[in-house]
$ cat final06.cif   # mmCIF, C-alpha atoms
data_data
#
loop_
_atom_site.label_atom_id
_atom_site.label_comp_id
_atom_site.auth_asym_id
_atom_site.auth_seq_id
_atom_site.Cartn_x
_atom_site.Cartn_y
_atom_site.Cartn_z
CA GLN A 2 -19.88 36.31 -78.09
CA GLN A 3 -22.30 36.90 -75.25
CA GLN A 4 -25.81 36.39 -76.62
CA VAL A 5 -27.45 37.84 -73.52
CA LYS A 6 -25.91 40.75 -71.67
CA GLN A 7 -26.86 41.26 -68.03
CA SER A 8 -26.29 44.16 -65.66
CA PRO A 9 -25.40 45.06 -63.02
CA GLN A 10 -22.92 42.42 -61.92
CA SER A 11 -23.78 43.07 -58.29
CA LEU A 12 -26.51 44.96 -56.50
CA ILE A 13 -27.06 46.01 -52.89
CA VAL A 14 -30.54 47.02 -51.86
CA GLN A 15 -32.12 47.97 -48.55
CA LYS A 16 -34.88 45.76 -47.19
CA GLY A 17 -38.18 46.95 -48.61
CA GLY A 18 -36.56 48.53 -51.65
CA ILE A 19 -36.88 47.67 -55.32
CA SER A 20 -34.21 45.55 -57.01
CA ILE A 21 -33.88 45.99 -60.77
CA ILE A 22 -31.78 43.75 -63.01
CA ASN A 23 -31.50 44.37 -66.73
CA CYS A 24 -30.78 42.13 -69.71
CA ALA A 25 -30.34 42.81 -73.40
CA TYR A 26 -30.20 40.47 -76.36
CA GLU A 27 -29.43 40.74 -80.06
CA ASN A 28 -31.00 37.70 -81.67
CA THR A 29 -34.62 38.43 -82.57
CA ALA A 30 -35.25 34.70 -82.95
CA PHE A 31 -35.33 34.35 -79.17
CA ASP A 32 -38.89 33.68 -78.09
CA TYR A 33 -38.73 32.71 -74.44
CA PHE A 34 -37.13 34.68 -71.61
CA PRO A 35 -36.92 33.16 -68.13
CA TRP A 36 -35.26 34.38 -64.98
CA TYR A 37 -33.53 32.01 -62.57
CA GLN A 38 -32.56 32.44 -58.94
CA GLN A 39 -29.57 30.60 -57.56
CA PHE A 40 -28.53 30.24 -53.93
CA PRO A 41 -24.99 29.13 -53.02
CA GLY A 42 -24.52 25.40 -53.44
CA LYS A 43 -27.83 25.00 -55.27
CA GLY A 44 -28.88 24.73 -58.88
CA PRO A 45 -30.70 27.63 -60.55
CA ALA A 46 -34.44 27.66 -59.86
CA LEU A 47 -36.99 29.13 -62.25
CA LEU A 48 -38.42 32.37 -60.92
CA ILE A 49 -40.59 33.81 -63.67
CA ALA A 50 -40.64 33.75 -67.48
CA ILE A 51 -42.13 35.78 -70.34
CA ARG A 52 -42.71 35.48 -74.08
CA PRO A 53 -42.23 38.43 -76.46
CA ASP A 54 -45.95 38.91 -77.14
CA VAL A 55 -46.38 40.20 -73.59
CA SER A 56 -44.86 43.44 -72.27
CA GLU A 57 -45.12 42.67 -68.59
CA LYS A 58 -45.69 39.70 -66.31
CA LYS A 59 -46.11 39.81 -62.57
CA GLU A 60 -45.93 36.99 -60.05
CA GLY A 61 -46.09 38.11 -56.46
CA ARG A 62 -43.23 40.51 -55.78
CA PHE A 63 -41.48 39.62 -59.04
CA THR A 64 -42.21 41.42 -62.34
CA ILE A 65 -40.65 41.01 -65.77
CA SER A 66 -40.82 44.00 -68.08
CA PHE A 67 -40.18 43.26 -71.74
CA ASN A 68 -39.36 45.78 -74.47
CA LYS A 69 -39.33 43.96 -77.80
CA SER A 70 -38.28 46.95 -79.91
CA ALA A 71 -35.31 47.69 -77.65
CA LYS A 72 -34.53 43.98 -77.24
CA GLN A 73 -34.35 44.39 -73.50
CA PHE A 74 -36.04 42.82 -70.52
CA SER A 75 -35.72 43.37 -66.83
CA LEU A 76 -36.58 41.82 -63.50
CA HIS A 77 -38.07 43.95 -60.76
CA ILE A 78 -38.20 42.64 -57.21
CA MET A 79 -40.57 44.73 -55.13
CA ASP A 80 -40.29 44.97 -51.34
CA SER A 81 -36.93 43.17 -51.45
CA GLN A 82 -36.22 40.90 -48.50
CA PRO A 83 -32.96 39.49 -47.07
CA GLY A 84 -34.14 36.05 -48.23
CA ASP A 85 -33.99 37.34 -51.81
CA SER A 86 -30.21 37.61 -51.53
CA ALA A 87 -29.01 35.30 -54.28
CA THR A 88 -27.60 35.33 -57.79
CA TYR A 89 -30.09 36.02 -60.55
CA PHE A 90 -29.67 34.94 -64.16
CA CYS A 91 -31.65 36.02 -67.16
CA ALA A 92 -31.84 33.68 -70.12
CA ALA A 93 -33.19 33.43 -73.64
CA SER A 94 -33.97 30.51 -75.88
CA MET A 95 -35.07 29.87 -79.41
CA ILE A 96 -34.55 26.49 -81.03
CA GLY A 97 -35.11 23.39 -78.98
CA ASN A 98 -34.01 23.84 -75.42
CA GLN A 99 -30.70 25.63 -75.92
CA PHE A 100 -30.75 28.45 -73.43
CA TYR A 101 -28.34 31.36 -73.43
CA PHE A 102 -27.69 32.82 -69.99
CA GLY A 103 -26.60 36.21 -68.79
CA THR A 104 -23.54 36.42 -66.59
CA GLY A 105 -25.56 36.77 -63.40
CA THR A 106 -26.27 39.47 -60.82
CA SER A 107 -25.37 38.96 -57.20
CA LEU A 108 -28.11 40.59 -55.14
CA THR A 109 -27.61 41.46 -51.48
CA VAL A 110 -30.56 42.78 -49.50
CA ILE A 111 -29.49 44.58 -46.34
CA PRO A 112 -31.85 44.26 -43.34
CA LYS B 9 -42.96 15.02 -57.80
CA ALA B 10 -39.21 14.50 -57.42
CA GLY B 11 -36.93 17.04 -59.04
CA VAL B 12 -33.89 16.54 -61.22
CA THR B 13 -31.40 14.30 -59.46
CA GLN B 14 -27.69 14.44 -60.16
CA THR B 15 -24.97 12.12 -58.93
CA PRO B 16 -22.37 12.35 -57.63
CA ARG B 17 -22.68 15.75 -55.98
CA TYR B 18 -18.97 16.21 -55.42
CA LEU B 19 -15.93 14.59 -56.91
CA ILE B 20 -12.22 15.17 -57.29
CA LYS B 21 -10.32 13.83 -60.27
CA THR B 22 -6.75 14.01 -61.49
CA ARG B 23 -5.71 15.55 -64.80
CA GLY B 24 -5.89 13.02 -67.60
CA GLN B 25 -8.59 10.93 -65.96
CA GLN B 26 -12.14 10.67 -67.18
CA VAL B 27 -15.39 11.24 -65.33
CA THR B 28 -19.02 10.23 -65.80
CA LEU B 29 -21.86 12.24 -64.32
CA SER B 30 -25.41 11.00 -64.06
CA CYS B 31 -28.76 12.77 -64.25
CA SER B 32 -32.30 11.55 -63.62
CA PRO B 33 -34.89 13.98 -65.01
CA ILE B 34 -38.26 14.89 -63.56
CA SER B 35 -40.74 12.09 -64.17
CA GLY B 36 -42.36 12.54 -67.57
CA HIS B 37 -39.67 14.85 -68.91
CA ARG B 38 -38.06 13.59 -72.09
CA SER B 39 -35.45 16.28 -72.67
CA VAL B 40 -32.23 16.52 -70.72
CA SER B 41 -29.67 19.24 -71.23
CA TRP B 42 -26.29 19.80 -69.61
CA TYR B 43 -24.61 23.05 -68.65
CA GLN B 44 -21.21 23.94 -67.29
CA GLN B 45 -21.09 26.72 -64.72
CA THR B 46 -17.86 28.49 -63.83
CA PRO B 47 -17.23 31.87 -62.17
CA GLY B 48 -15.48 33.17 -65.28
CA GLN B 49 -17.72 31.86 -68.06
CA GLY B 50 -21.07 31.60 -66.30
CA LEU B 51 -23.58 29.04 -67.53
CA GLN B 52 -22.62 27.49 -70.82
CA PHE B 53 -24.65 24.99 -72.80
CA LEU B 54 -23.02 21.62 -73.42
CA PHE B 55 -25.66 19.53 -75.18
CA GLU B 56 -29.28 18.48 -75.12
CA TYR B 57 -30.85 15.07 -75.58
CA PHE B 58 -34.40 14.24 -76.50
CA SER B 59 -35.67 10.69 -76.91
CA GLU B 60 -32.13 9.31 -76.79
CA THR B 61 -30.94 11.60 -79.61
CA GLN B 62 -28.63 14.56 -79.29
CA ARG B 63 -30.69 17.49 -80.51
CA ASN B 64 -28.32 20.38 -79.84
CA LYS B 65 -24.66 20.76 -79.03
CA GLY B 66 -22.71 23.70 -77.64
CA ASN B 67 -19.16 24.77 -78.41
CA PHE B 68 -17.22 22.33 -76.31
CA PRO B 69 -14.43 19.99 -77.44
CA GLY B 70 -15.10 16.38 -78.28
CA ARG B 71 -13.79 15.34 -74.86
CA PHE B 72 -17.27 16.22 -73.62
CA SER B 73 -19.88 13.67 -74.59
CA GLY B 74 -23.21 12.47 -73.39
CA ARG B 75 -25.97 10.01 -73.93
CA GLN B 76 -29.55 9.43 -72.96
CA PHE B 77 -31.20 6.15 -72.12
CA SER B 78 -34.67 4.92 -72.97
CA ASN B 79 -35.93 5.91 -69.49
CA SER B 80 -34.72 9.51 -70.21
CA ARG B 81 -31.90 9.29 -67.69
CA SER B 82 -28.72 10.83 -69.02
CA GLU B 83 -25.01 10.65 -68.49
CA MET B 84 -22.24 12.96 -69.53
CA ASN B 85 -18.63 11.99 -69.81
CA VAL B 86 -15.50 14.09 -69.87
CA SER B 87 -12.33 12.36 -71.00
CA THR B 88 -8.71 13.43 -70.54
CA LEU B 89 -9.63 15.91 -67.82
CA GLU B 90 -7.93 19.29 -67.73
CA LEU B 91 -7.65 21.73 -64.82
CA GLY B 92 -10.00 24.06 -66.66
CA ASP B 93 -12.75 21.45 -66.54
CA SER B 94 -13.23 22.17 -62.85
CA ALA B 95 -16.78 23.44 -62.64
CA LEU B 96 -20.31 22.85 -61.51
CA TYR B 97 -22.04 20.63 -64.06
CA LEU B 98 -25.77 21.18 -64.15
CA CYS B 99 -28.36 18.94 -65.65
CA ALA B 100 -31.76 20.31 -66.59
CA SER B 101 -34.87 18.56 -67.77
CA SER B 102 -37.99 19.64 -69.62
CA LEU B 103 -40.96 18.14 -71.35
CA GLY B 104 -39.11 18.64 -74.60
CA GLN B 105 -41.40 20.82 -76.66
CA LEU B 106 -39.90 23.97 -78.13
CA GLY B 107 -39.66 26.78 -75.65
CA ASN B 108 -40.39 24.66 -72.62
CA THR B 109 -39.02 25.69 -69.29
CA ILE B 110 -35.99 23.79 -68.10
CA TYR B 111 -35.63 22.73 -64.49
CA PHE B 112 -32.18 22.32 -63.01
CA GLY B 113 -30.75 19.79 -60.61
CA GLU B 114 -28.39 20.76 -57.83
CA GLY B 115 -25.36 19.96 -59.94
CA SER B 116 -22.19 17.93 -59.70
CA TRP B 117 -19.15 19.78 -58.43
CA LEU B 118 -16.07 18.56 -60.28
CA THR B 119 -12.60 19.51 -59.15
CA VAL B 120 -9.65 18.52 -61.32
CA VAL B 121 -6.26 18.51 -59.60
#
$ encode --input "final06.cif" --output "structure tokens"
Amino acid sequence: QQQVKQSPQSLIVQKGGISIINCAYENTAFDYFPWYQQFPGKGPALLIAIRPDVSEKKEGRFTISFNKSAKQFSLHIMDSQPGDSATYFCAASMIGNQFYFGTGTSLTVIP
Amino acid sequence: KAGVTQTPRYLIKTRGQQVTLSCSPISGHRSVSWYQQTPGQGLQFLFEYFSETQRNKGNFPGRFSGRQFSNSRSEMNVSTLELGDSALYLCASSLGQLGNTIYFGEGSWLTVV
């Protein structure tokens, strides 16, 4: 059973556009929600993270929006650049450091 | 500060063999967790160690095992390899407190033939 559902599976955006990736979860015990960026041949790198007591967090061009009642959170990449082309994973954790990951979104930013 | 280091980066094994992968966490990090990444199943949690004790375990068969040493370095072992074990094995480290961010290494690519 997929604890964290992520969509879309792939996304193509024009340079300068906004990329939006969505995730949903069921377990209300989750209390930490990070996003990871992964380039081919590399391990996932932490991008930005949020806790459920905050509805939005922004770091540079990256923003997480969190809707606790809907059990959904999303990543917005503003002014998307070709260098942002990568696979993005959302994740959630509760006890200890067991993280549950979404299935990933392959983002392609067209120049 | 050096990141998470995993060795070897690439390896090819034959069905039925066993393999040991190594992970050195970020200095000061006491928790090490292991994940298997495949195109079909995505990132799946294997187990997590903190202060040499397994704290959490995912839904993998007993052929997958691990351990952590007193210097926080960790190893994972897969015995009786199957073709389906071909994957990228990722190690991640964290300070160890609940809800801490985990930082991944570059992974070990295992191919079973």
$ resolve_selection --input "final06.cif" --expression "the PyMOL selection byres ((chain B and resi 86) around 10)" --output "list in words"
Gly24, Gln25, Gln26, Val27, Thr28, Leu29, Pro69, Gly70, Arg71, Phe72, Ser73, Gly74, Met84, Asn85, Ser87, Thr88, Leu89, Glu90 and Asp93 of chain B
$ closest_atom_pairs --input "final06.cif" --of "chain B" --to "chain A" --cutoff "12 Å" --atoms "all atoms listed in the file" --output "Markdown table"
| residue | atom | partner | partner_atom | distance |
| --- | --- | --- | --- | --- |
| B:Gly11 | CA | A:Ala46 | CA | 10.9 |
| B:Val12 | CA | A:Gly44 | CA | 9.9 |
| B:Thr13 | CA | A:Gly44 | CA | 10.7 |
| B:Gln14 | CA | A:Gly44 | CA | 10.4 |
| B:Arg17 | CA | A:Gly42 | CA | 10.1 |
| B:Tyr18 | CA | A:Gly42 | CA | 10.9 |
| B:Arg38 | CA | A:Asn98 | CA | 11.5 |
| B:Ser39 | CA | A:Asn98 | CA | 8.2 |
| B:Val40 | CA | A:Asn98 | CA | 8.9 |
| B:Ser41 | CA | A:Asn98 | CA | 7.6 |
| B:Trp42 | CA | A:Gln99 | CA | 9.7 |
| B:Tyr43 | CA | A:Phe100 | CA | 9.5 |
| B:Gln44 | CA | A:Phe102 | CA | 11.3 |
| B:Gln45 | CA | A:Gly44 | CA | 9.9 |
| B:Thr46 | CA | A:Thr104 | CA | 10.1 |
| B:Pro47 | CA | A:Thr104 | CA | 8.9 |
| B:Gly48 | CA | A:Thr104 | CA | 8.8 |
| B:Gln49 | CA | A:Thr104 | CA | 7.5 |
| B:Gly50 | CA | A:Thr104 | CA | 5.4 |
| B:Leu51 | CA | A:Phe102 | CA | 6.1 |
| B:Gln52 | CA | A:Tyr101 | CA | 7.4 |
| B:Phe53 | CA | A:Gln99 | CA | 6.8 |
| B:Leu54 | CA | A:Gln99 | CA | 9.0 |
| B:Phe55 | CA | A:Gln99 | CA | 7.9 |
| B:Glu56 | CA | A:Asn98 | CA | 7.2 |
| B:Tyr57 | CA | A:Asn98 | CA | 9.3 |
| B:Phe58 | CA | A:Gly97 | CA | 9.5 |
| B:Gln62 | CA | A:Gly97 | CA | 11.0 |
| B:Arg63 | CA | A:Gly97 | CA | 7.5 |
| B:Asn64 | CA | A:Gln99 | CA | 7.0 |
| B:Lys65 | CA | A:Gln99 | CA | 8.4 |
| B:Gly66 | CA | A:Gln99 | CA | 8.4 |
| B:Asn67 | CA | A:Gln2 | CA | 11.6 |
| B:Leu96 | CA | A:Gly44 | CA | 9.2 |
| B:Tyr97 | CA | A:Gly44 | CA | 9.5 |
| B:Leu98 | CA | A:Gly44 | CA | 7.1 |
| B:Cys99 | CA | A:Gly44 | CA | 8.9 |
| B:Ala100 | CA | A:Gly44 | CA | 9.3 |
| B:Ser101 | CA | A:Asn98 | CA | 9.3 |
| B:Ser102 | CA | A:Asn98 | CA | 8.2 |
| B:Leu103 | CA | A:Asn98 | CA | 9.9 |
| B:Gly104 | CA | A:Asn98 | CA | 7.3 |
| B:Gln105 | CA | A:Gly97 | CA | 7.2 |
| B:Leu106 | CA | A:Gly97 | CA | 4.9 |
| B:Gly107 | CA | A:Tyr33 | CA | 6.1 |
| B:Asn108 | CA | A:Asn98 | CA | 7.0 |
| B:Thr109 | CA | A:Pro35 | CA | 7.8 |
| B:Ile110 | CA | A:Asn98 | CA | 7.6 |
| B:Tyr111 | CA | A:Ala46 | CA | 6.9 |
| B:Phe112 | CA | A:Gly44 | CA | 5.8 |
| B:Gly113 | CA | A:Gly44 | CA | 5.6 |
| B:Glu114 | CA | A:Gly44 | CA | 4.1 |
| B:Gly115 | CA | A:Gly44 | CA | 6.0 |
| B:Ser116 | CA | A:Gly44 | CA | 9.6 |
| B:Trp117 | CA | A:Gly42 | CA | 9.2 |
$ axis_aligned_box --input "final06.cif" --around "range 37-52 of chain B" --padding-each-side "3 Å" --output "AutoDock Vina command-line options"
--center_x -27.6 --center_y 23.4 --center_z -67.4 --size_x 30.2 --size_y 25.6 --size_z 16.5
$ resolve_selection --input "final06.cif" --expression "the PyMOL selection byres ((chain A and resi 28) around 9)" --output "list in words"
Gln4, Val5, Tyr26, Glu27, Thr29, Ala30, Phe31 and Lys72 of chain A
$ resolve_selection --input "final06.cif" --expression "the PyMOL selection byres ((chain A and resi 87) around 12)" --output "PyMOL selection string"
chain A and resi 11-13+20+37-46+48+81-86+88-90+105-110
$ atom_distance --input "final06.cif" --atom1 "CA of Thr15 in chain B" --atom2 "CA of Leu91 in chain B"
20.7 Å
$ atom_distance --input "final06.cif" --atom1 "CA of Cys91 in chain A" --atom2 "CA of Arg62 in chain A"
16.8 Å
$ residues_near_point --input "final06.cif" --point "(-33.5, 45.7, -68.4)" --cutoff "10 Å" --atoms "only C-alpha atoms" --output "PDB file with C-alpha atoms, in the frame of the given file"
ATOM      1  CA  LYS A   6     -25.910  40.750 -71.670  1.00  0.00           C
ATOM      2  CA  GLN A   7     -26.860  41.260 -68.030  1.00  0.00           C
ATOM      3  CA  SER A   8     -26.290  44.160 -65.660  1.00  0.00           C
ATOM      4  CA  PRO A   9     -25.400  45.060 -63.020  1.00  0.00           C
ATOM      5  CA  ILE A  21     -33.880  45.990 -60.770  1.00  0.00           C
ATOM      6  CA  ILE A  22     -31.780  43.750 -63.010  1.00  0.00           C
ATOM      7  CA  ASN A  23     -31.500  44.370 -66.730  1.00  0.00           C
ATOM      8  CA  CYS A  24     -30.780  42.130 -69.710  1.00  0.00           C
ATOM      9  CA  ALA A  25     -30.340  42.810 -73.400  1.00  0.00           C
ATOM     10  CA  ILE A  65     -40.650  41.010 -65.770  1.00  0.00           C
ATOM     11  CA  SER A  66     -40.820  44.000 -68.080  1.00  0.00           C
ATOM     12  CA  PHE A  67     -40.180  43.260 -71.740  1.00  0.00           C
ATOM     13  CA  ASN A  68     -39.360  45.780 -74.470  1.00  0.00           C
ATOM     14  CA  ALA A  71     -35.310  47.690 -77.650  1.00  0.00           C
ATOM     15  CA  LYS A  72     -34.530  43.980 -77.240  1.00  0.00           C
ATOM     16  CA  GLN A  73     -34.350  44.390 -73.500  1.00  0.00           C
ATOM     17  CA  PHE A  74     -36.040  42.820 -70.520  1.00  0.00           C
ATOM     18  CA  SER A  75     -35.720  43.370 -66.830  1.00  0.00           C
ATOM     19  CA  LEU A  76     -36.580  41.820 -63.500  1.00  0.00           C
ATOM     20  CA  HIS A  77     -38.070  43.950 -60.760  1.00  0.00           C
ATOM     21  CA  CYS A  91     -31.650  36.020 -67.160  1.00  0.00           C
TER      22      CYS A  91
END
$ atom_distance --input "final06.cif" --atom1 "CA of Leu19 in chain B" --atom2 "CA of Arg81 in chain B"
20.0 Å
$ closest_residue --input "final06.cif" --among "B:Glu83, B:Ile20, B:Glu60, B:Arg75" --to "Ser32 in chain B" --atoms "only C-alpha atoms"
B:Glu83
$ build_atoms --input "final06.cif" --residues "range 27-44 of chain B" --atoms "N, CA, C and O atoms" --output "PDB file, in the frame of the given file"
ATOM      1  N   VAL B  27     -14.340  11.207 -66.339  1.00  0.00           N
ATOM      2  CA  VAL B  27     -15.390  11.240 -65.330  1.00  0.00           C
ATOM      3  C   VAL B  27     -16.745  11.054 -66.019  1.00  0.00           C
ATOM      4  O   VAL B  27     -16.942  11.481 -67.162  1.00  0.00           O
ATOM      5  N   THR B  28     -17.643  10.398 -65.316  1.00  0.00           N
ATOM      6  CA  THR B  28     -19.020  10.230 -65.800  1.00  0.00           C
ATOM      7  C   THR B  28     -19.973  10.760 -64.755  1.00  0.00           C
ATOM      8  O   THR B  28     -19.884  10.410 -63.575  1.00  0.00           O
ATOM      9  N   LEU B  29     -20.862  11.652 -65.194  1.00  0.00           N
ATOM     10  CA  LEU B  29     -21.860  12.240 -64.320  1.00  0.00           C
ATOM     11  C   LEU B  29     -23.235  11.748 -64.747  1.00  0.00           C
ATOM     12  O   LEU B  29     -23.495  11.565 -65.937  1.00  0.00           O
ATOM     13  N   SER B  30     -24.108  11.572 -63.768  1.00  0.00           N
ATOM     14  CA  SER B  30     -25.410  11.000 -64.060  1.00  0.00           C
ATOM     15  C   SER B  30     -26.532  11.980 -63.714  1.00  0.00           C
ATOM     16  O   SER B  30     -26.406  12.797 -62.798  1.00  0.00           O
ATOM     17  N   CYS B  31     -27.622  11.873 -64.450  1.00  0.00           N
ATOM     18  CA  CYS B  31     -28.760  12.770 -64.250  1.00  0.00           C
ATOM     19  C   CYS B  31     -30.064  11.992 -64.451  1.00  0.00           C
ATOM     20  O   CYS B  31     -30.260  11.338 -65.481  1.00  0.00           O
ATOM     21  N   SER B  32     -30.959  12.105 -63.480  1.00  0.00           N
ATOM     22  CA  SER B  32     -32.300  11.550 -63.620  1.00  0.00           C
ATOM     23  C   SER B  32     -33.282  12.702 -63.715  1.00  0.00           C
ATOM     24  O   SER B  32     -33.378  13.512 -62.782  1.00  0.00           O
ATOM     25  N   PRO B  33     -33.996  12.826 -64.833  1.00  0.00           N
ATOM     26  CA  PRO B  33     -34.890  13.980 -65.010  1.00  0.00           C
ATOM     27  C   PRO B  33     -36.166  13.838 -64.193  1.00  0.00           C
ATOM     28  O   PRO B  33     -36.433  12.780 -63.608  1.00  0.00           O
ATOM     29  N   ILE B  34     -36.940  14.907 -64.178  1.00  0.00           N
ATOM     30  CA  ILE B  34     -38.260  14.890 -63.560  1.00  0.00           C
ATOM     31  C   ILE B  34     -39.111  13.862 -64.301  1.00  0.00           C
ATOM     32  O   ILE B  34     -39.035  13.765 -65.535  1.00  0.00           O
ATOM     33  N   SER B  35     -39.905  13.116 -63.567  1.00  0.00           N
ATOM     34  CA  SER B  35     -40.740  12.090 -64.170  1.00  0.00           C
ATOM     35  C   SER B  35     -41.621  12.681 -65.283  1.00  0.00           C
ATOM     36  O   SER B  35     -42.282  13.709 -65.087  1.00  0.00           O
ATOM     37  N   GLY B  36     -41.571  12.054 -66.440  1.00  0.00           N
ATOM     38  CA  GLY B  36     -42.360  12.540 -67.570  1.00  0.00           C
ATOM     39  C   GLY B  36     -41.609  13.465 -68.500  1.00  0.00           C
ATOM     40  O   GLY B  36     -42.064  13.737 -69.612  1.00  0.00           O
ATOM     41  N   HIS B  37     -40.477  13.966 -68.052  1.00  0.00           N
ATOM     42  CA  HIS B  37     -39.670  14.850 -68.910  1.00  0.00           C
ATOM     43  C   HIS B  37     -38.808  13.997 -69.842  1.00  0.00           C
ATOM     44  O   HIS B  37     -38.170  13.043 -69.412  1.00  0.00           O
ATOM     45  N   ARG B  38     -38.789  14.380 -71.111  1.00  0.00           N
ATOM     46  CA  ARG B  38     -38.060  13.590 -72.090  1.00  0.00           C
ATOM     47  C   ARG B  38     -36.799  14.282 -72.600  1.00  0.00           C
ATOM     48  O   ARG B  38     -36.002  13.704 -73.310  1.00  0.00           O
ATOM     49  N   SER B  39     -36.643  15.543 -72.233  1.00  0.00           N
ATOM     50  CA  SER B  39     -35.450  16.280 -72.670  1.00  0.00           C
ATOM     51  C   SER B  39     -34.518  16.498 -71.489  1.00  0.00           C
ATOM     52  O   SER B  39     -34.958  16.870 -70.398  1.00  0.00           O
ATOM     53  N   VAL B  40     -33.254  16.256 -71.733  1.00  0.00           N
ATOM     54  CA  VAL B  40     -32.230  16.520 -70.720  1.00  0.00           C
ATOM     55  C   VAL B  40     -31.131  17.344 -71.375  1.00  0.00           C
ATOM     56  O   VAL B  40     -30.641  17.004 -72.455  1.00  0.00           O
ATOM     57  N   SER B  41     -30.768  18.424 -70.730  1.00  0.00           N
ATOM     58  CA  SER B  41     -29.670  19.240 -71.230  1.00  0.00           C
ATOM     59  C   SER B  41     -28.622  19.393 -70.125  1.00  0.00           C
ATOM     60  O   SER B  41     -28.937  19.264 -68.939  1.00  0.00           O
ATOM     61  N   TRP B  42     -27.419  19.666 -70.531  1.00  0.00           N
ATOM     62  CA  TRP B  42     -26.290  19.800 -69.610  1.00  0.00           C
ATOM     63  C   TRP B  42     -25.649  21.161 -69.789  1.00  0.00           C
ATOM     64  O   TRP B  42     -25.485  21.649 -70.921  1.00  0.00           O
ATOM     65  N   TYR B  43     -25.274  21.750 -68.664  1.00  0.00           N
ATOM     66  CA  TYR B  43     -24.610  23.050 -68.650  1.00  0.00           C
ATOM     67  C   TYR B  43     -23.394  22.992 -67.749  1.00  0.00           C
ATOM     68  O   TYR B  43     -23.376  22.280 -66.746  1.00  0.00           O
ATOM     69  N   GLN B  44     -22.393  23.770 -68.130  1.00  0.00           N
ATOM     70  CA  GLN B  44     -21.210  23.940 -67.290  1.00  0.00           C
ATOM     71  C   GLN B  44     -21.272  25.329 -66.684  1.00  0.00           C
ATOM     72  O   GLN B  44     -21.508  26.310 -67.387  1.00  0.00           O
TER      73      GLN B  44
END
